[in-house]
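**Q** My questions all concern the structure below.
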Amino acid sequence: MELIVVEREASGVAVVTINRPKSLNSLTRSMMVDLAQAFKALDKDETVGAIVIAGRGRAFCSGVDLTSAEEVFKGDVKDDDSNPVYQMEQCRKPIIGAINGFVVTAGFEIALACDLLVAGRDAKFIDTHARFGIFPSWGLSQKLSRIIGLSRAREVSLTGTPITAEMAEKWGLVNHVVDNGEVLKKAKQVAEGILKNNRDMVLRYKSVINDGFKLDLGHALALEKGRAYSYYDGMTKEQFAKMQEFISSRSSKTSSKL
């Protein structure tokens with residue numbers, strides 16, 4: 001049985017499924033490597049415009065399989081090639097997390113590496129690093145506070161308090177909360193909505209948002225302006241004409257629906 005399943009749909013959406021439901025999709029070392037390589041391959045696949053990641057069964061991902069903890073933790077910190085979170089962060093394509101059930105520790109970090117999150121009503125985000133004496137290495141200690149605020153992140157991580165789907169939506173951690181059986185459908189709808197736009201600009205826009213978020217506002221604005229200048233300065237007359245054609249076609253479709 002494949003434990004990391006990749007399905008490419010005709011729409012341009014790829015669905016990556018963590019497929020170890022009897023173990024609540026806990027990750028072995030080989031699964032981590034396969035997951036990392038899946039995102040690396042999808043980033044290079046020009047037929048894929050957006051990616052959905054999901055977990056089969058009652059959990060999105062319950063973290064690392066602690067029965068093989070030494071094998072996992074001694075190799076995952078420095079090896080970017082087999083680090084799924086690193087490969088997700090390097091992926092140019094938008095990544096939508098379809099979150100059902102438990103999202104625990106390493107699973108939480110994988111969720112935080114997504115660009116958008118759709119959660120089922122029973123989803124629970126839990127950080128157990130402190131509980132089990134595991135030092136975070138996939139970004140949870142730094143990313144969560146930047147999304148939900150420092151005090152909330154401290155409480156979640158230091159006490160192990162679960163974040164419910166309702167709380168996650170209220171705090172800005174997830175974009176949509178839907179019925180449990182509708183999570184994957186909604187995530188695909190979000191992905192397909194992205195693909196209706198100019199694919200090249202989607203990739204550029206994701207990049208400038210994510211790169212700018214790492215900077216203070218002044219440097220982020222300068223980054224945006226510099227990339228805009230390079231983009232327009234490098235365009236030919238033919239490319240400007242294609243841009244105008246694309247805008248006109250979208251405008252006419254919008255007008256026809258009014």
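Residues in the structure tokens are named by chain (A, B, ... in the order shown) and by number from 1 within that chain; ligands are numbered from 1 in the order shown.
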Using the chain letters and numbers from this document, which residues of segment 166-250 of chain A does DSSP assign to helix (DSSP H, G or I), as number ranges by chain?

**A** A: 166-170, 180-195, 199-213, 217-233, 237-250

**Q** Could you take the residues named above and write them with C-alpha atoms, as a PDB file, in the first residue's frame?

**A**
```pdb
ATOM      1  CA  GLU A 166     -13.918  27.286  15.478  1.00  0.00           C
ATOM      2  CA  MET A 167     -11.023  28.866  17.383  1.00  0.00           C
ATOM      3  CA  ALA A 168      -8.694  28.393  14.402  1.00  0.00           C
ATOM      4  CA  GLU A 169     -11.061  30.275  12.110  1.00  0.00           C
ATOM      5  CA  LYS A 170     -11.593  33.041  14.660  1.00  0.00           C
ATOM      6  CA  ASN A 180     -16.316  17.092   7.945  1.00  0.00           C
ATOM      7  CA  GLY A 181     -17.468  15.340   4.778  1.00  0.00           C
ATOM      8  CA  GLU A 182     -17.063  18.502   2.681  1.00  0.00           C
ATOM      9  CA  VAL A 183     -13.425  19.328   3.472  1.00  0.00           C
ATOM     10  CA  LEU A 184     -11.736  17.842   0.421  1.00  0.00           C
ATOM     11  CA  LYS A 185     -14.461  19.132  -1.901  1.00  0.00           C
ATOM     12  CA  LYS A 186     -14.086  22.677  -0.549  1.00  0.00           C
ATOM     13  CA  ALA A 187     -10.279  22.519  -0.735  1.00  0.00           C
ATOM     14  CA  LYS A 188     -10.492  21.481  -4.391  1.00  0.00           C
ATOM     15  CA  GLN A 189     -12.945  24.312  -5.070  1.00  0.00           C
ATOM     16  CA  VAL A 190     -10.483  26.806  -3.593  1.00  0.00           C
ATOM     17  CA  ALA A 191      -7.679  25.323  -5.724  1.00  0.00           C
ATOM     18  CA  GLU A 192      -9.816  25.464  -8.865  1.00  0.00           C
ATOM     19  CA  GLY A 193     -10.698  29.087  -8.077  1.00  0.00           C
ATOM     20  CA  ILE A 194      -6.986  29.904  -8.023  1.00  0.00           C
ATOM     21  CA  LEU A 195      -6.481  28.163 -11.366  1.00  0.00           C
ATOM     22  CA  ARG A 199      -1.048  31.007 -13.563  1.00  0.00           C
ATOM     23  CA  ASP A 200       2.242  32.809 -13.965  1.00  0.00           C
ATOM     24  CA  MET A 201       1.024  35.731 -11.864  1.00  0.00           C
ATOM     25  CA  VAL A 202      -0.365  33.369  -9.215  1.00  0.00           C
ATOM     26  CA  LEU A 203       3.142  31.948  -8.736  1.00  0.00           C
ATOM     27  CA  ARG A 204       4.723  35.399  -8.658  1.00  0.00           C
ATOM     28  CA  TYR A 205       2.055  36.735  -6.282  1.00  0.00           C
ATOM     29  CA  LYS A 206       2.440  33.841  -3.847  1.00  0.00           C
ATOM     30  CA  SER A 207       6.198  34.391  -3.862  1.00  0.00           C
ATOM     31  CA  VAL A 208       6.060  38.120  -3.153  1.00  0.00           C
ATOM     32  CA  ILE A 209       3.465  37.669  -0.376  1.00  0.00           C
ATOM     33  CA  ASN A 210       5.459  34.933   1.364  1.00  0.00           C
ATOM     34  CA  ASP A 211       8.848  36.578   0.896  1.00  0.00           C
ATOM     35  CA  GLY A 212       7.527  39.968   1.975  1.00  0.00           C
ATOM     36  CA  PHE A 213       5.978  38.531   5.134  1.00  0.00           C
ATOM     37  CA  LEU A 217       6.835  46.648   5.984  1.00  0.00           C
ATOM     38  CA  GLY A 218       9.322  49.117   4.496  1.00  0.00           C
ATOM     39  CA  HIS A 219      11.552  46.414   3.038  1.00  0.00           C
ATOM     40  CA  ALA A 220       8.520  44.385   1.959  1.00  0.00           C
ATOM     41  CA  LEU A 221       7.129  47.332  -0.018  1.00  0.00           C
ATOM     42  CA  ALA A 222      10.532  47.829  -1.622  1.00  0.00           C
ATOM     43  CA  LEU A 223      10.580  44.130  -2.524  1.00  0.00           C
ATOM     44  CA  GLU A 224       7.175  44.424  -4.199  1.00  0.00           C
ATOM     45  CA  LYS A 225       8.187  47.530  -6.120  1.00  0.00           C
ATOM     46  CA  GLY A 226      11.475  45.982  -7.271  1.00  0.00           C
ATOM     47  CA  ARG A 227       9.800  42.815  -8.523  1.00  0.00           C
ATOM     48  CA  ALA A 228       7.058  44.814 -10.252  1.00  0.00           C
ATOM     49  CA  TYR A 229       9.659  46.924 -12.037  1.00  0.00           C
ATOM     50  CA  SER A 230      11.572  43.828 -13.162  1.00  0.00           C
ATOM     51  CA  TYR A 231       8.361  42.138 -14.312  1.00  0.00           C
ATOM     52  CA  TYR A 232       7.078  45.012 -16.435  1.00  0.00           C
ATOM     53  CA  ASP A 233      10.513  46.045 -17.669  1.00  0.00           C
ATOM     54  CA  LYS A 237       4.950  44.306 -26.705  1.00  0.00           C
ATOM     55  CA  GLU A 238       3.532  40.878 -27.526  1.00  0.00           C
ATOM     56  CA  GLN A 239       3.299  40.009 -23.842  1.00  0.00           C
ATOM     57  CA  PHE A 240       1.522  43.287 -23.076  1.00  0.00           C
ATOM     58  CA  ALA A 241      -0.910  42.518 -25.900  1.00  0.00           C
ATOM     59  CA  LYS A 242      -1.590  39.063 -24.431  1.00  0.00           C
ATOM     60  CA  MET A 243      -2.168  40.665 -21.029  1.00  0.00           C
ATOM     61  CA  GLN A 244      -4.734  43.019 -22.516  1.00  0.00           C
ATOM     62  CA  GLU A 245      -6.442  40.118 -24.328  1.00  0.00           C
ATOM     63  CA  PHE A 246      -6.618  38.141 -21.094  1.00  0.00           C
ATOM     64  CA  ILE A 247      -8.058  41.111 -19.186  1.00  0.00           C
ATOM     65  CA  SER A 248     -10.625  41.744 -21.934  1.00  0.00           C
ATOM     66  CA  SER A 249     -11.719  38.094 -22.002  1.00  0.00           C
ATOM     67  CA  ARG A 250     -12.144  38.003 -18.222  1.00  0.00           C
TER      68      ARG A 250
END
```

**Q** List every residue of segment 60-257 of chain A that DSSP, applied to the backbone, labels as strand (DSSP E), and write the result as a list in words.

**A**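 Everything in segment 60-257 of chain A that counts as strand (DSSP E) is Phe60, Cys61, Ile95, Ile96, Gly97, Ala98, Ile99, Phe102, Val103, Val104, Leu116, Leu117, Val118, Ala119, Gly120, Lys124, Phe125, Ile126, Ile163, Thr164, His176, Val177 and Val178 of chain A.
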
**Q** Could you list, as number ranges by chain, every residue within 12 Å of Ala14 of chain A, counting only C-alpha atoms and ignoring same-chain residues fewer than 5 positions away?

**A** A: 5-9, 38-39, 41-43, 45-54, 93-97, 184, 187-188, 191-192, 195

**Q** So which residues touch segment 108-123 of chain A within 7 Å, counting only C-alpha atoms, skipping near sequence neighbours fewer than 6 positions away, as a PDB file with N, CA and C atoms, in the first residue's frame?

**A**
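Full text of selection16.pdb as output:
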```
ATOM      1  N   VAL A  85       8.344  19.804   5.067  1.00  0.00           N
ATOM      2  CA  VAL A  85       7.994  21.205   5.309  1.00  0.00           C
ATOM      3  C   VAL A  85       8.882  22.128   4.473  1.00  0.00           C
ATOM      4  N   MET A  88       7.718  21.955   0.912  1.00  0.00           N
ATOM      5  CA  MET A  88       6.462  22.695   0.751  1.00  0.00           C
ATOM      6  C   MET A  88       6.724  24.197   0.710  1.00  0.00           C
ATOM      7  N   GLU A  89       7.615  24.653   1.557  1.00  0.00           N
ATOM      8  CA  GLU A  89       7.944  26.089   1.574  1.00  0.00           C
ATOM      9  C   GLU A  89       8.637  26.526   0.294  1.00  0.00           C
ATOM     10  N   PRO A  94       0.532  27.152  -5.190  1.00  0.00           N
ATOM     11  CA  PRO A  94      -0.277  27.311  -3.978  1.00  0.00           C
ATOM     12  C   PRO A  94      -0.649  25.940  -3.393  1.00  0.00           C
ATOM     13  N   ILE A  95      -0.562  25.819  -2.072  1.00  0.00           N
ATOM     14  CA  ILE A  95      -0.866  24.570  -1.377  1.00  0.00           C
ATOM     15  C   ILE A  95      -2.044  24.804  -0.429  1.00  0.00           C
ATOM     16  N   ILE A  96      -3.089  24.006  -0.601  1.00  0.00           N
ATOM     17  CA  ILE A  96      -4.275  24.110   0.249  1.00  0.00           C
ATOM     18  C   ILE A  96      -4.349  22.879   1.130  1.00  0.00           C
ATOM     19  N   GLY A  97      -4.396  23.079   2.422  1.00  0.00           N
ATOM     20  CA  GLY A  97      -4.513  21.971   3.355  1.00  0.00           C
ATOM     21  C   GLY A  97      -5.972  21.622   3.582  1.00  0.00           C
ATOM     22  N   ALA A  98      -6.326  20.347   3.377  1.00  0.00           N
ATOM     23  CA  ALA A  98      -7.675  19.847   3.657  1.00  0.00           C
ATOM     24  C   ALA A  98      -7.609  19.124   5.004  1.00  0.00           C
ATOM     25  N   ILE A  99      -8.051  19.797   6.065  1.00  0.00           N
ATOM     26  CA  ILE A  99      -7.760  19.376   7.425  1.00  0.00           C
ATOM     27  C   ILE A  99      -8.967  18.698   8.075  1.00  0.00           C
ATOM     28  N   ASN A 100      -8.852  17.414   8.306  1.00  0.00           N
ATOM     29  CA  ASN A 100      -9.879  16.654   9.017  1.00  0.00           C
ATOM     30  C   ASN A 100      -9.289  16.039  10.271  1.00  0.00           C
ATOM     31  N   GLY A 101     -10.026  16.068  11.369  1.00  0.00           N
ATOM     32  CA  GLY A 101      -9.610  15.362  12.568  1.00  0.00           C
ATOM     33  C   GLY A 101      -8.378  15.947  13.235  1.00  0.00           C
ATOM     34  N   PHE A 102      -7.500  15.059  13.703  1.00  0.00           N
ATOM     35  CA  PHE A 102      -6.350  15.477  14.503  1.00  0.00           C
ATOM     36  C   PHE A 102      -5.211  16.002  13.625  1.00  0.00           C
ATOM     37  N   TRP A 138      10.544  22.078  12.514  1.00  0.00           N
ATOM     38  CA  TRP A 138       9.856  22.359  11.249  1.00  0.00           C
ATOM     39  C   TRP A 138       9.083  23.679  11.300  1.00  0.00           C
ATOM     40  N   GLY A 139       9.381  24.528  12.288  1.00  0.00           N
ATOM     41  CA  GLY A 139       8.866  25.890  12.247  1.00  0.00           C
ATOM     42  C   GLY A 139       7.723  26.253  13.166  1.00  0.00           C
ATOM     43  N   LEU A 140       7.191  25.295  13.915  1.00  0.00           N
ATOM     44  CA  LEU A 140       6.004  25.596  14.720  1.00  0.00           C
ATOM     45  C   LEU A 140       6.261  26.669  15.772  1.00  0.00           C
ATOM     46  N   THR A 164      -9.467  24.289  18.478  1.00  0.00           N
ATOM     47  CA  THR A 164     -10.585  23.732  17.721  1.00  0.00           C
ATOM     48  C   THR A 164     -10.715  24.439  16.380  1.00  0.00           C
ATOM     49  N   ALA A 165     -11.495  23.859  15.484  1.00  0.00           N
ATOM     50  CA  ALA A 165     -11.706  24.483  14.176  1.00  0.00           C
ATOM     51  C   ALA A 165     -12.318  25.862  14.333  1.00  0.00           C
ATOM     52  N   VAL A 174      -7.202  29.231  10.008  1.00  0.00           N
ATOM     53  CA  VAL A 174      -7.809  28.561   8.855  1.00  0.00           C
ATOM     54  C   VAL A 174      -8.694  29.538   8.095  1.00  0.00           C
ATOM     55  N   ASN A 175      -8.856  29.273   6.795  1.00  0.00           N
ATOM     56  CA  ASN A 175      -9.655  30.147   5.930  1.00  0.00           C
ATOM     57  C   ASN A 175     -11.129  29.790   5.924  1.00  0.00           C
ATOM     58  N   HIS A 176     -11.419  28.477   5.976  1.00  0.00           N
ATOM     59  CA  HIS A 176     -12.802  28.016   5.905  1.00  0.00           C
ATOM     60  C   HIS A 176     -12.998  26.855   6.866  1.00  0.00           C
ATOM     61  N   VAL A 177     -14.168  26.821   7.525  1.00  0.00           N
ATOM     62  CA  VAL A 177     -14.585  25.663   8.311  1.00  0.00           C
ATOM     63  C   VAL A 177     -15.875  25.128   7.687  1.00  0.00           C
ATOM     64  N   VAL A 178     -15.873  23.843   7.366  1.00  0.00           N
ATOM     65  CA  VAL A 178     -17.019  23.219   6.704  1.00  0.00           C
ATOM     66  C   VAL A 178     -17.343  21.894   7.399  1.00  0.00           C
ATOM     67  N   ASP A 179     -18.448  21.284   7.015  1.00  0.00           N
ATOM     68  CA  ASP A 179     -18.776  19.968   7.555  1.00  0.00           C
ATOM     69  C   ASP A 179     -17.666  18.980   7.226  1.00  0.00           C
ATOM     70  N   ASN A 180     -17.446  18.014   8.086  1.00  0.00           N
ATOM     71  CA  ASN A 180     -16.316  17.092   7.945  1.00  0.00           C
ATOM     72  C   ASN A 180     -16.266  16.413   6.576  1.00  0.00           C
ATOM     73  N   VAL A 183     -14.742  18.669   3.405  1.00  0.00           N
ATOM     74  CA  VAL A 183     -13.425  19.328   3.472  1.00  0.00           C
ATOM     75  C   VAL A 183     -12.659  19.222   2.162  1.00  0.00           C
ATOM     76  N   ALA A 187     -11.691  22.238  -0.437  1.00  0.00           N
ATOM     77  CA  ALA A 187     -10.279  22.519  -0.735  1.00  0.00           C
ATOM     78  C   ALA A 187     -10.026  22.499  -2.230  1.00  0.00           C
TER      79      ALA A 187
END
```

**Q** To one decimal in Å, tell me the separation between atom CA of Ser23 of chain A and atom CA of Arg56 of chain A.

**A**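 Straight-line distance from atom CA of Ser23 of chain A to atom CA of Arg56 of chain A works out to 10.4 Å.
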